[in-house]
file query.csv (CSV, C-alpha atoms)
chain,number,residue,atom,x,y,z
A,1428,MET,CA,129.8,61.6,101.3
A,1429,PHE,CA,126.3,61.7,103.0
A,1430,ARG,CA,127.6,64.2,105.6
A,1431,ARG,CA,128.8,66.5,102.8
A,1432,LEU,CA,125.5,66.4,101.0
A,1433,ALA,CA,123.5,66.9,104.3
A,1434,THR,CA,125.8,69.8,105.2
A,1435,ALA,CA,125.4,71.4,101.8
A,1436,ALA,CA,121.7,71.0,101.9
A,1437,LEU,CA,121.5,72.6,105.3
A,1438,LEU,CA,123.7,75.5,104.2
A,1439,SER,CA,121.6,76.0,101.1
A,1440,PHE,CA,118.4,76.0,103.2
A,1441,ALA,CA,119.9,78.5,105.7
A,1442,PHE,CA,121.1,80.8,102.9
A,1443,ALA,CA,117.7,80.6,101.1
A,1444,ALA,CA,115.9,81.4,104.4
A,1445,SER,CA,118.1,84.3,105.2
A,1446,SER,CA,117.9,85.8,101.7
A,1447,PHE,CA,114.1,85.4,101.8
A,1448,ALA,CA,113.9,87.2,105.2
A,1449,ALA,CA,116.1,90.0,103.8
A,1450,ASP,CA,113.8,90.4,100.8
A,1451,THR,CA,110.6,90.9,102.8
A,1452,LYS,CA,109.3,94.4,103.1
A,1453,PRO,CA,108.7,95.8,106.6
A,1454,HIS,CA,105.1,95.8,107.7
A,1455,ARG,CA,104.0,99.4,108.5
A,1456,VAL,CA,100.6,100.9,108.7
A,1457,ALA,CA,99.3,104.4,109.5
A,1458,ILE,CA,95.8,104.5,110.9
A,1459,GLN,CA,94.0,107.8,110.7
A,1460,VAL,CA,91.5,109.0,113.3
A,1461,ASN,CA,89.9,112.4,112.7
A,1462,GLN,CA,86.5,112.0,114.4
A,1463,ASN,CA,85.5,112.5,118.0
A,1464,ASP,CA,83.5,109.2,117.9
A,1465,PRO,CA,84.3,106.4,120.4
A,1466,GLN,CA,83.1,103.9,117.8
A,1467,VAL,CA,85.6,105.1,115.2
A,1468,MET,CA,88.4,105.2,117.9
A,1469,ASN,CA,87.6,101.6,119.0
A,1470,LEU,CA,87.5,100.5,115.3
A,1471,ALA,CA,91.0,102.0,114.8
A,1472,LEU,CA,92.2,100.2,117.9
A,1473,ASN,CA,90.6,96.9,116.7
A,1474,ASN,CA,92.3,97.3,113.4
A,1475,ALA,CA,95.6,97.8,115.1
A,1476,THR,CA,95.1,94.8,117.4
A,1477,ASN,CA,94.1,92.6,114.4
A,1478,VAL,CA,97.2,93.7,112.5
A,1479,LEU,CA,99.4,93.0,115.5
A,1480,GLU,CA,97.9,89.6,116.1
A,1481,TYR,CA,98.1,88.6,112.5
A,1482,TYR,CA,101.8,89.3,112.2
A,1483,ARG,CA,102.6,88.0,115.7
A,1484,ALA,CA,101.1,84.6,114.5
A,1485,ARG,CA,103.5,84.8,111.5
A,1486,ASN,CA,106.4,85.6,113.9
A,1487,GLU,CA,106.9,89.0,112.1
A,1488,ASP,CA,107.2,92.5,113.5
A,1489,VAL,CA,105.0,95.3,112.4
A,1490,GLU,CA,105.0,99.1,113.0
A,1491,ILE,CA,101.7,100.9,113.6
A,1492,ASP,CA,101.2,104.7,113.9
A,1493,ILE,CA,97.7,105.8,114.9
A,1494,VAL,CA,97.6,109.4,113.7
A,1495,THR,CA,95.0,111.7,115.3
A,1496,TYR,CA,94.0,115.2,114.2
A,1497,GLY,CA,90.9,117.5,114.1
A,1498,PRO,CA,88.2,116.2,116.4
A,1499,GLY,CA,90.0,112.8,116.5
A,1500,LEU,CA,92.6,114.3,118.8
A,1501,HIS,CA,90.2,113.6,121.6
A,1502,MET,CA,91.3,110.0,121.3
A,1503,LEU,CA,94.7,111.0,122.7
A,1504,ARG,CA,93.7,113.9,125.0
A,1505,ALA,CA,94.4,113.1,128.7
A,1506,ASP,CA,91.2,114.8,129.8
A,1507,THR,CA,88.7,113.6,127.2
A,1508,SER,CA,89.8,110.3,125.7
A,1509,PRO,CA,87.2,107.6,126.0
A,1510,VAL,CA,89.7,104.9,125.1
A,1511,GLN,CA,92.7,105.5,127.5
A,1512,ASP,CA,92.7,102.0,128.9
A,1513,ARG,CA,92.7,100.5,125.5
A,1514,LEU,CA,95.6,102.7,124.4
A,1515,LYS,CA,97.7,101.4,127.3
A,1516,ARG,CA,96.7,97.8,126.6
A,1517,LEU,CA,97.6,98.1,122.9
A,1518,LYS,CA,101.0,99.6,123.7
A,1519,GLU,CA,101.7,96.8,126.2
A,1520,MET,CA,100.7,94.0,123.9
A,1521,ALA,CA,102.6,95.3,120.9
A,1522,PHE,CA,106.1,94.5,122.1
A,1523,PRO,CA,108.4,93.7,120.2
A,1524,SER,CA,106.5,95.4,117.5
A,1525,LYS,CA,106.1,99.1,117.6
A,1526,VAL,CA,102.9,101.2,118.1
A,1527,GLN,CA,103.0,104.9,118.1
A,1528,PHE,CA,100.2,107.3,118.8
A,1529,SER,CA,100.7,110.6,117.0
A,1530,ALA,CA,98.8,113.7,118.1
A,1531,CYS,CA,98.5,116.7,115.8
A,1532,ASN,CA,100.0,119.9,117.3
A,1533,ASN,CA,98.1,122.2,114.9
A,1534,THR,CA,94.8,120.7,116.3
A,1535,ARG,CA,96.1,120.9,119.9
A,1536,GLN,CA,97.0,124.5,119.6
A,1537,ALA,CA,93.6,125.4,118.0
A,1538,MET,CA,91.8,123.5,120.9
A,1539,GLU,CA,94.0,125.4,123.4
A,1540,LYS,CA,93.0,128.7,121.9
A,1541,THR,CA,89.3,127.8,121.8
A,1542,GLU,CA,89.2,126.3,125.3
A,1543,GLY,CA,91.6,128.9,126.9
A,1544,LYS,CA,93.6,126.2,128.6
A,1545,ALA,CA,96.6,123.9,128.0
A,1546,ILE,CA,95.7,120.6,126.4
A,1547,SER,CA,97.8,117.6,127.5
A,1548,VAL,CA,97.9,114.2,125.7
A,1549,VAL,CA,98.2,110.7,127.2
A,1550,SER,CA,101.7,109.8,128.2
A,1551,ASP,CA,102.1,107.2,125.3
A,1552,ALA,CA,101.4,109.9,122.7
A,1553,THR,CA,103.9,111.8,120.6
A,1554,ILE,CA,103.1,115.3,119.5
A,1555,VAL,CA,103.7,115.8,115.7
A,1556,PRO,CA,103.6,119.2,114.0
A,1557,SER,CA,100.7,118.2,111.7
A,1558,GLY,CA,98.6,115.0,111.6
A,1559,VAL,CA,97.9,115.3,107.9
A,1560,VAL,CA,101.6,115.9,107.1
A,1561,ARG,CA,102.5,112.9,109.3
A,1562,ILE,CA,100.3,110.7,107.2
A,1563,MET,CA,101.6,112.1,104.0
A,1564,GLU,CA,105.2,111.5,105.0
A,1565,LEU,CA,104.5,108.0,106.2
A,1566,GLN,CA,102.9,107.2,102.9
A,1567,GLU,CA,105.9,108.7,101.0
A,1568,GLN,CA,108.1,106.3,103.0
A,1569,GLY,CA,106.0,103.3,101.8
A,1570,TRP,CA,103.6,102.9,104.8
A,1571,SER,CA,100.2,101.5,104.2
A,1572,TYR,CA,97.2,103.7,105.1
A,1573,VAL,CA,93.9,102.8,106.8
A,1574,ARG,CA,91.0,105.1,107.6
A,1575,PRO,CA,88.5,103.2,109.7
call {"tool": "encode", "arguments": {"input": "query.csv", "output": "structure tokens"}}
result
Amino acid sequence: MFRRLATAALLSFAFAASSFAADTKPHRVAIQVNQNDPQVMNLALNNATNVLEYYRARNEDVEIDIVTYGPGLHMLRADTSPVQDRLKRLKEMAFPSKVQFSACNNTRQAMEKTEGKAISVVSDATIVPSGVVRIMELQEQGWSYVRP
């Protein structure tokens, strides 16, 4: 009798825990950087690090997309980024969570035209058609939004 009660209690607990986990919303945040200011870039990276550490302590995954456009694209430019080392460290510490760095192609093309040369981004960055549109689409998908 005691075994049946103990087994039933364990099964109830396991079922409740799995249904609670299924009901939790995914943690996803888009962080905007649109200024060529190392302080703003570092603040964005600090925000991302703090979010990762918070959810890691709770044993939960989180997705972060740092979206750069306008003068903020310098954060992800291979030739001008003042935070390249921090970008690499953040990407490495994130696993198993996901961190993406999104670079606005509209801005990149404008900079290429102005500077008369090709602009490359850091290897961990992804080129997106438009930084502003990327933020809009992420918000439409339920992502939180932060602007440091």
call {"tool": "atom_distance", "arguments": {"input": "query.csv", "atom1": "CA of Val1526 in chain A", "atom2": "CA of Ile1493 in chain A"}}
result
7.6 Å
call {"tool": "residues_near_point", "arguments": {"input": "query.csv", "point": "(104.2, 101.3, 107.0)", "cutoff": "10 Å", "atoms": "all atoms listed in the file", "output": "list of chain:residue names"}}
result
A:Lys1452, A:Pro1453, A:His1454, A:Arg1455, A:Val1456, A:Ala1457, A:Ile1458, A:Val1489, A:Glu1490, A:Ile1491, A:Asp1492, A:Leu1565, A:Gln1566, A:Glu1567, A:Gln1568, A:Gly1569, A:Trp1570, A:Ser1571, A:Tyr1572
call {"tool": "closest_residue", "arguments": {"input": "query.csv", "among": "A:Arg1574, A:Arg1516, A:Arg1535, A:Lys1540", "to": "Val1494 in chain A", "atoms": "all atoms listed in the file"}}
result
A:Arg1574
call {"tool": "closest_residue", "arguments": {"input": "query.csv", "among": "A:Thr1553, A:Ser1524, A:Thr1541, A:Asn1533", "to": "Leu1479 in chain A", "atoms": "all atoms listed in the file"}}
result
A:Ser1524
call {"tool": "atom_distance", "arguments": {"input": "query.csv", "atom1": "CA of Ala1475 in chain A", "atom2": "CA of Pro1498 in chain A"}}
result
19.9 Å
call {"tool": "residues_around", "arguments": {"input": "query.csv", "residues": "Arg1513 in chain A", "least_positions_apart": "5", "cutoff": "12 Å", "atoms": "all atoms listed in the file", "output": "list of chain:residue names"}}
result
A:Pro1465, A:Met1468, A:Asn1469, A:Leu1470, A:Ala1471, A:Leu1472, A:Asn1473, A:Ala1475, A:Thr1476, A:Met1502, A:Leu1503, A:Ser1508, A:Lys1518, A:Glu1519, A:Met1520, A:Val1549, A:Asp1551
call {"tool": "write_last_selection", "arguments": {"input": "query.csv", "atoms": "C-alpha atoms", "output": "PDB file, in the coordinates of the input"}}
result
ATOM      1  CA  PRO A1465      84.300 106.400 120.400  1.00  0.00           C
ATOM      2  CA  MET A1468      88.400 105.200 117.900  1.00  0.00           C
ATOM      3  CA  ASN A1469      87.600 101.600 119.000  1.00  0.00           C
ATOM      4  CA  LEU A1470      87.500 100.500 115.300  1.00  0.00           C
ATOM      5  CA  ALA A1471      91.000 102.000 114.800  1.00  0.00           C
ATOM      6  CA  LEU A1472      92.200 100.200 117.900  1.00  0.00           C
ATOM      7  CA  ASN A1473      90.600  96.900 116.700  1.00  0.00           C
ATOM      8  CA  ALA A1475      95.600  97.800 115.100  1.00  0.00           C
ATOM      9  CA  THR A1476      95.100  94.800 117.400  1.00  0.00           C
ATOM     10  CA  MET A1502      91.300 110.000 121.300  1.00  0.00           C
ATOM     11  CA  LEU A1503      94.700 111.000 122.700  1.00  0.00           C
ATOM     12  CA  SER A1508      89.800 110.300 125.700  1.00  0.00           C
ATOM     13  CA  LYS A1518     101.000  99.600 123.700  1.00  0.00           C
ATOM     14  CA  GLU A1519     101.700  96.800 126.200  1.00  0.00           C
ATOM     15  CA  MET A1520     100.700  94.000 123.900  1.00  0.00           C
ATOM     16  CA  VAL A1549      98.200 110.700 127.200  1.00  0.00           C
ATOM     17  CA  ASP A1551     102.100 107.200 125.300  1.00  0.00           C
TER      18      ASP A1551
END
call {"tool": "atom_distance", "arguments": {"input": "query.csv", "atom1": "CA of Tyr1482 in chain A", "atom2": "CA of Ser1550 in chain A"}}
result
26.0 Å
call {"tool": "closest_residue", "arguments": {"input": "query.csv", "among": "A:Gln1511, A:Thr1534, A:Ser1529, A:Thr1451", "to": "Ile1562 in chain A", "atoms": "only C-alpha atoms"}}
result
A:Ser1529
